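Trainee: Sharing a structure with you now.
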Amino acid sequence: STSFVGSSICQSDHLAYTKPSHQQGTLFTINGNPVDRVRFCEAIRFHKANGCILGDSFRENFCTVHYLLGRRFLEEKSVDDSREKDTESEYSHVEVSLAASGFLLFCCAVCCPCFHKERKANSHEVLPKESNSVHQVSSFEMSASCDKMPPSPFRAPPSPSRVPQSPSRYAMSPRPSRMGPLNLSMSQISAATNNFSDINQIGEGGFGIVYKGILEDGQVVAIKRAKKEHFENLRKEFKSEVDLLSKIGHRNLVKLLGYVDKGDERLIITEYVRNGTLRDHLDGTRGSILNFNQRLEIVIDVCHGLTYLHSYAERQIIHRDIKSSNILLTDSMRAKVADFGFARGGPADANQTHILTQVKGTVGYLDPEYMRTYQLTAKSDVYSFGILLVEILTGRRPVEAKRHHDEKITVRWAFDKYNEGKVLELVDPNAARERIDEKILKKMFSLAFQCAAPSRKERPDMEAVGKQLWAIRSSYLRRSME
Ligand SMILES: Nc1ncnc2c1ncn2[C@@H]1O[C@H](COP(=O)(O)OP(=O)(O)OP(=O)(O)O)[C@@H](O)[C@H]1O
């Protein structure tokens with residue numbers, strides 16, 4: 001049985017939470033839909049910031065402690081949202097549960113580095129996949145038209161025909177439709193993809209062809225099939241992707257559902273994210289052109305995904321290929337980081353500042369310090385994120401070969417314009433019809449340049465980036481309400 005605790009209506013959202021009488025868990029709902037705590041707290045913060053009076057039952061410290069504790073804890077909580085107690089006792093609960101979870105690694109890394117087991121910095125072979133390098137930044141197009149900025153952070157849908165009924169972004173939290181890995185036979189996969197028919201093909205990358213599959217129970221999945229001609233070479237990469245993906249679960253990361261590594265087949269089955277890539281949307285080849293609010297939400301999502309990989313996954317994971325074509329969008333325009341083909345674990349020893357490894361990634365997004373020294377750290381992803389941020393604001397690819405030589409390297413062009421005080425000239429012409437506060441733009445570009453600083457020491461970590469983005473979003477929302 002449950003006892004009512006708090007309920008409030010703000011704008012179009014009905015926020016409520018109930019606590020069982022035995023005090024063992026709290027159910028959070030927005031518009032009747034169960035949501036996890038972090039989503040619920042986001043909604044509370046948003047509505048409070050916009051003047052909604054939530055009442056005494058929504059105490060201020062209701063969310064603060066969880067927020068401080070970080071994403072990993074929040075993710076774990078979101079799985080079963082269990083054992084919610086008062087805020088003080090939750091601290092002790094977390095401390096107790098540390099030993100039994102990957103959160104221990106996080107604490108060791110942050111608080112007591114001496115707990116780390118020794119591990120040598122190894123050199124690593126070059127993975128053969130070089131296909132997503134130079135050639136991928138050679139075709140540049142932009143498109144026209146724009147959406148009007150909505151007055152709230154609720155995500156505007158890409159086109160009316162794809163609008164889900166719920167008006168709230170909080171009510172549309174995508175969740176994996178099943179837990180645990182899928183065990184599929186080749187015949188089931190063949191059936192799901194119409195025997196890998198061309199009609200089911202949704203894309204092709206360096207790894208192989210990606211198919212859309214519909215499983216017997218109706219679940220739609222994406223199936224990456226390794227190209228046979230690259231089989232042996234791809235084997236290591238395949239394993240890398242599977243090993244890493246199988247250990248992570250976050251709403252802003254594409255979820256691994258299963259894999260097949262048998263005979264002459266290498267298949268990765270992931271959740272299907274059906275609304276195309278960020279690059280498709282910047283190009284306007286999918287739905288309408290992204291408005292500023294959507295762009296801001298997307299970078300926040302990517303930032304959250306990366307923060308999780310860098311700081312809260314069981315072991316630090318460096319993605320190494322953050323780029324707009326590896327960001328997939330859902331119908332509600334939530335972003336998910338995809339393609340872990342180049343991903344690898346970060347330093348496991350606290351004394352180890354970096355990993356020495358061959359350079360992997362995509363030209364234009366590649367950390368120059370990593371390229372020069374072969375030293376890989378999570379800050380290489382931060383660099384790529386900075387480049388992505390410039391891309392999403394300007395609409396331009398990181399390298400625009402056909403432009404005048406002052407404009408070929410987008411980040412350099414943007415930096416010069418920024419220093420000349422011409423930040424408004426940097427805005428994606430497709431989104432320029434929106435009136436975006438110059439101060440907000442300056443903050444966004446300034447953050448992008450910090451991330452894309454030449455030396456990794458000057459770059460913030462993703463958690464710090466997240467805080468800055470949240471602050472930018474708050475001022476953006478305040479101003480758009482004025
Ligand atoms: N989980 C998915 N859901 C929906 N579409 C996907 C999914 N994964 C990939 N795709 C589509 O397939 C295309 C190819 O993806 P893939 O990750 O193989 O290559 P890429 O990232 O574009 O290139 P590369 O691997 O060379 O960097 C993507 O651009 C996207 O359109």
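We name chains A, B, ... following the order of the structure tokens; residues begin at 1 in each chain, and ligands are numbered from 1 as shown.
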Using only C-alpha atoms and all ligand atoms, which residues of the polymer chains come no farther than 7 Å from ligand 1? I'd like the answer as a PyMOL selection string.
Mentor: chain A and resi 131-132+202-210+222+224+254+270-274+276-277+325-326+328+338-339
Trainee: Kindly export the residues of the current selection with N, CA and C atoms, as a PDB file, in the first residue's frame.
Mentor:
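Saved result, part-v1.pdb, follows:
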```pdb
ATOM      1  N   SER A 131      38.417   4.157 -41.282  1.00  0.00           N
ATOM      2  CA  SER A 131      37.483   4.666 -42.278  1.00  0.00           C
ATOM      3  C   SER A 131      36.752   5.917 -41.833  1.00  0.00           C
ATOM      4  N   ASN A 132      36.581   6.070 -40.537  1.00  0.00           N
ATOM      5  CA  ASN A 132      35.846   7.274 -40.144  1.00  0.00           C
ATOM      6  C   ASN A 132      36.806   8.414 -39.872  1.00  0.00           C
ATOM      7  N   ILE A 202      19.924   0.665 -42.593  1.00  0.00           N
ATOM      8  CA  ILE A 202      19.712   2.053 -42.162  1.00  0.00           C
ATOM      9  C   ILE A 202      20.986   2.882 -42.195  1.00  0.00           C
ATOM     10  N   GLY A 203      22.106   2.257 -42.421  1.00  0.00           N
ATOM     11  CA  GLY A 203      23.343   3.048 -42.482  1.00  0.00           C
ATOM     12  C   GLY A 203      24.544   2.157 -42.674  1.00  0.00           C
ATOM     13  N   GLU A 204      25.648   2.797 -42.931  1.00  0.00           N
ATOM     14  CA  GLU A 204      26.887   2.054 -43.100  1.00  0.00           C
ATOM     15  C   GLU A 204      28.034   2.870 -42.523  1.00  0.00           C
ATOM     16  N   GLY A 205      28.868   2.232 -41.735  1.00  0.00           N
ATOM     17  CA  GLY A 205      30.044   2.914 -41.185  1.00  0.00           C
ATOM     18  C   GLY A 205      31.276   2.078 -41.428  1.00  0.00           C
ATOM     19  N   GLY A 206      32.363   2.438 -40.760  1.00  0.00           N
ATOM     20  CA  GLY A 206      33.613   1.727 -40.951  1.00  0.00           C
ATOM     21  C   GLY A 206      33.529   0.284 -40.491  1.00  0.00           C
ATOM     22  N   PHE A 207      32.679   0.020 -39.522  1.00  0.00           N
ATOM     23  CA  PHE A 207      32.562  -1.317 -38.952  1.00  0.00           C
ATOM     24  C   PHE A 207      31.796  -2.260 -39.873  1.00  0.00           C
ATOM     25  N   GLY A 208      30.786  -1.738 -40.493  1.00  0.00           N
ATOM     26  CA  GLY A 208      29.945  -2.575 -41.342  1.00  0.00           C
ATOM     27  C   GLY A 208      28.621  -1.906 -41.600  1.00  0.00           C
ATOM     28  N   ILE A 209      27.662  -2.749 -41.945  1.00  0.00           N
ATOM     29  CA  ILE A 209      26.338  -2.207 -42.290  1.00  0.00           C
ATOM     30  C   ILE A 209      25.417  -2.295 -41.074  1.00  0.00           C
ATOM     31  N   VAL A 210      24.583  -1.277 -40.942  1.00  0.00           N
ATOM     32  CA  VAL A 210      23.622  -1.259 -39.824  1.00  0.00           C
ATOM     33  C   VAL A 210      22.218  -1.523 -40.383  1.00  0.00           C
ATOM     34  N   ALA A 222      18.578  -2.084 -33.617  1.00  0.00           N
ATOM     35  CA  ALA A 222      19.563  -1.813 -34.681  1.00  0.00           C
ATOM     36  C   ALA A 222      20.588  -2.938 -34.626  1.00  0.00           C
ATOM     37  N   LYS A 224      24.226  -4.134 -36.093  1.00  0.00           N
ATOM     38  CA  LYS A 224      25.443  -3.828 -36.852  1.00  0.00           C
ATOM     39  C   LYS A 224      26.068  -5.135 -37.268  1.00  0.00           C
ATOM     40  N   VAL A 254      23.676   4.856 -26.225  1.00  0.00           N
ATOM     41  CA  VAL A 254      22.935   3.798 -26.929  1.00  0.00           C
ATOM     42  C   VAL A 254      23.179   2.467 -26.216  1.00  0.00           C
ATOM     43  N   THR A 270      21.788  -3.292 -30.795  1.00  0.00           N
ATOM     44  CA  THR A 270      21.616  -2.178 -29.854  1.00  0.00           C
ATOM     45  C   THR A 270      20.189  -1.651 -29.945  1.00  0.00           C
ATOM     46  N   GLU A 271      19.859  -0.809 -28.998  1.00  0.00           N
ATOM     47  CA  GLU A 271      18.546  -0.175 -29.099  1.00  0.00           C
ATOM     48  C   GLU A 271      18.511   0.642 -30.389  1.00  0.00           C
ATOM     49  N   TYR A 272      17.354   0.700 -30.979  1.00  0.00           N
ATOM     50  CA  TYR A 272      17.175   1.446 -32.225  1.00  0.00           C
ATOM     51  C   TYR A 272      16.770   2.871 -31.877  1.00  0.00           C
ATOM     52  N   VAL A 273      17.518   3.815 -32.384  1.00  0.00           N
ATOM     53  CA  VAL A 273      17.219   5.223 -32.088  1.00  0.00           C
ATOM     54  C   VAL A 273      16.807   5.839 -33.418  1.00  0.00           C
ATOM     55  N   ARG A 274      15.520   6.110 -33.559  1.00  0.00           N
ATOM     56  CA  ARG A 274      15.001   6.188 -34.917  1.00  0.00           C
ATOM     57  C   ARG A 274      14.977   7.562 -35.569  1.00  0.00           C
ATOM     58  N   GLY A 276      17.433   9.594 -36.474  1.00  0.00           N
ATOM     59  CA  GLY A 276      18.605  10.049 -37.223  1.00  0.00           C
ATOM     60  C   GLY A 276      19.714  10.611 -36.356  1.00  0.00           C
ATOM     61  N   THR A 277      20.745  11.078 -37.027  1.00  0.00           N
ATOM     62  CA  THR A 277      21.908  11.593 -36.303  1.00  0.00           C
ATOM     63  C   THR A 277      21.790  13.108 -36.135  1.00  0.00           C
ATOM     64  N   SER A 325      27.860  12.764 -36.161  1.00  0.00           N
ATOM     65  CA  SER A 325      27.223  11.600 -36.782  1.00  0.00           C
ATOM     66  C   SER A 325      27.171  10.412 -35.819  1.00  0.00           C
ATOM     67  N   ASN A 326      27.782  10.560 -34.655  1.00  0.00           N
ATOM     68  CA  ASN A 326      27.663   9.513 -33.637  1.00  0.00           C
ATOM     69  C   ASN A 326      26.705   9.900 -32.521  1.00  0.00           C
ATOM     70  N   LEU A 328      22.878  10.092 -31.821  1.00  0.00           N
ATOM     71  CA  LEU A 328      21.571   9.718 -32.368  1.00  0.00           C
ATOM     72  C   LEU A 328      20.473  10.419 -31.570  1.00  0.00           C
ATOM     73  N   ALA A 338      26.439   7.218 -29.564  1.00  0.00           N
ATOM     74  CA  ALA A 338      26.516   5.891 -30.172  1.00  0.00           C
ATOM     75  C   ALA A 338      27.947   5.582 -30.597  1.00  0.00           C
ATOM     76  N   ASP A 339      28.137   4.395 -31.127  1.00  0.00           N
ATOM     77  CA  ASP A 339      29.369   3.943 -31.776  1.00  0.00           C
ATOM     78  C   ASP A 339      30.576   3.935 -30.842  1.00  0.00           C
TER      79      ASP A 339
END
```
Trainee: Quick one, how far is CA of Glu420 (chain A) from CA of Arg396 (chain A)?
Mentor: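 Those two atoms sit 19.2 Å apart.
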Trainee: May I have the residues within 8 Å of Ile30 (chain A) as JSON, numbers by chain, using only C-alpha atoms and disregarding those fewer than 3 positions away in the same chain?
Mentor: {"A": [13, 14, 15, 16, 33, 34, 35, 40, 170, 171]}
Trainee: Would you kindly return, as a count of residues only, each protein, DNA or RNA residue with an atom no farther than 10 Å from any atom of Asp280 (chain A), considering only C-alpha atoms and excluding same-chain residues fewer than 4 positions away?
Mentor: 13
Trainee: Skip region 303-306 of chain A itself and residues of its chain fewer than 4 positions away, then list as an MDAnalysis selection string all residues within 7 Å of it, counting only C-alpha atoms.
Mentor: chainID A and resid 250 252:253 299 310 337 462 466
Trainee: Under the rule that only C-alpha atoms are counted, which of A:Ile300, A:Leu309, A:Ile268, A:Leu290 is the nearest residue to Arg344 (chain A)?
Mentor: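 Among the listed residues, the smallest separation from Arg344 (chain A) belongs to A:Leu309.
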Trainee: Check the smallest atom-to-atom distance from each of A:Asp437, A:Glu369, A:Glu425, A:Glu216 to Thr193 (chain A) using only C-alpha atoms, then report the winner.
Mentor: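 When distances to Thr193 (chain A) are compared using only C-alpha atoms, the smallest one comes from A:Glu216.
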Trainee: For Ser475 (chain A), please output as a ChimeraX atom specification all residues within 8 Å (counting only C-alpha atoms; exclusion window: fewer than 4 positions along the same chain).
Mentor: /A:440,471,479
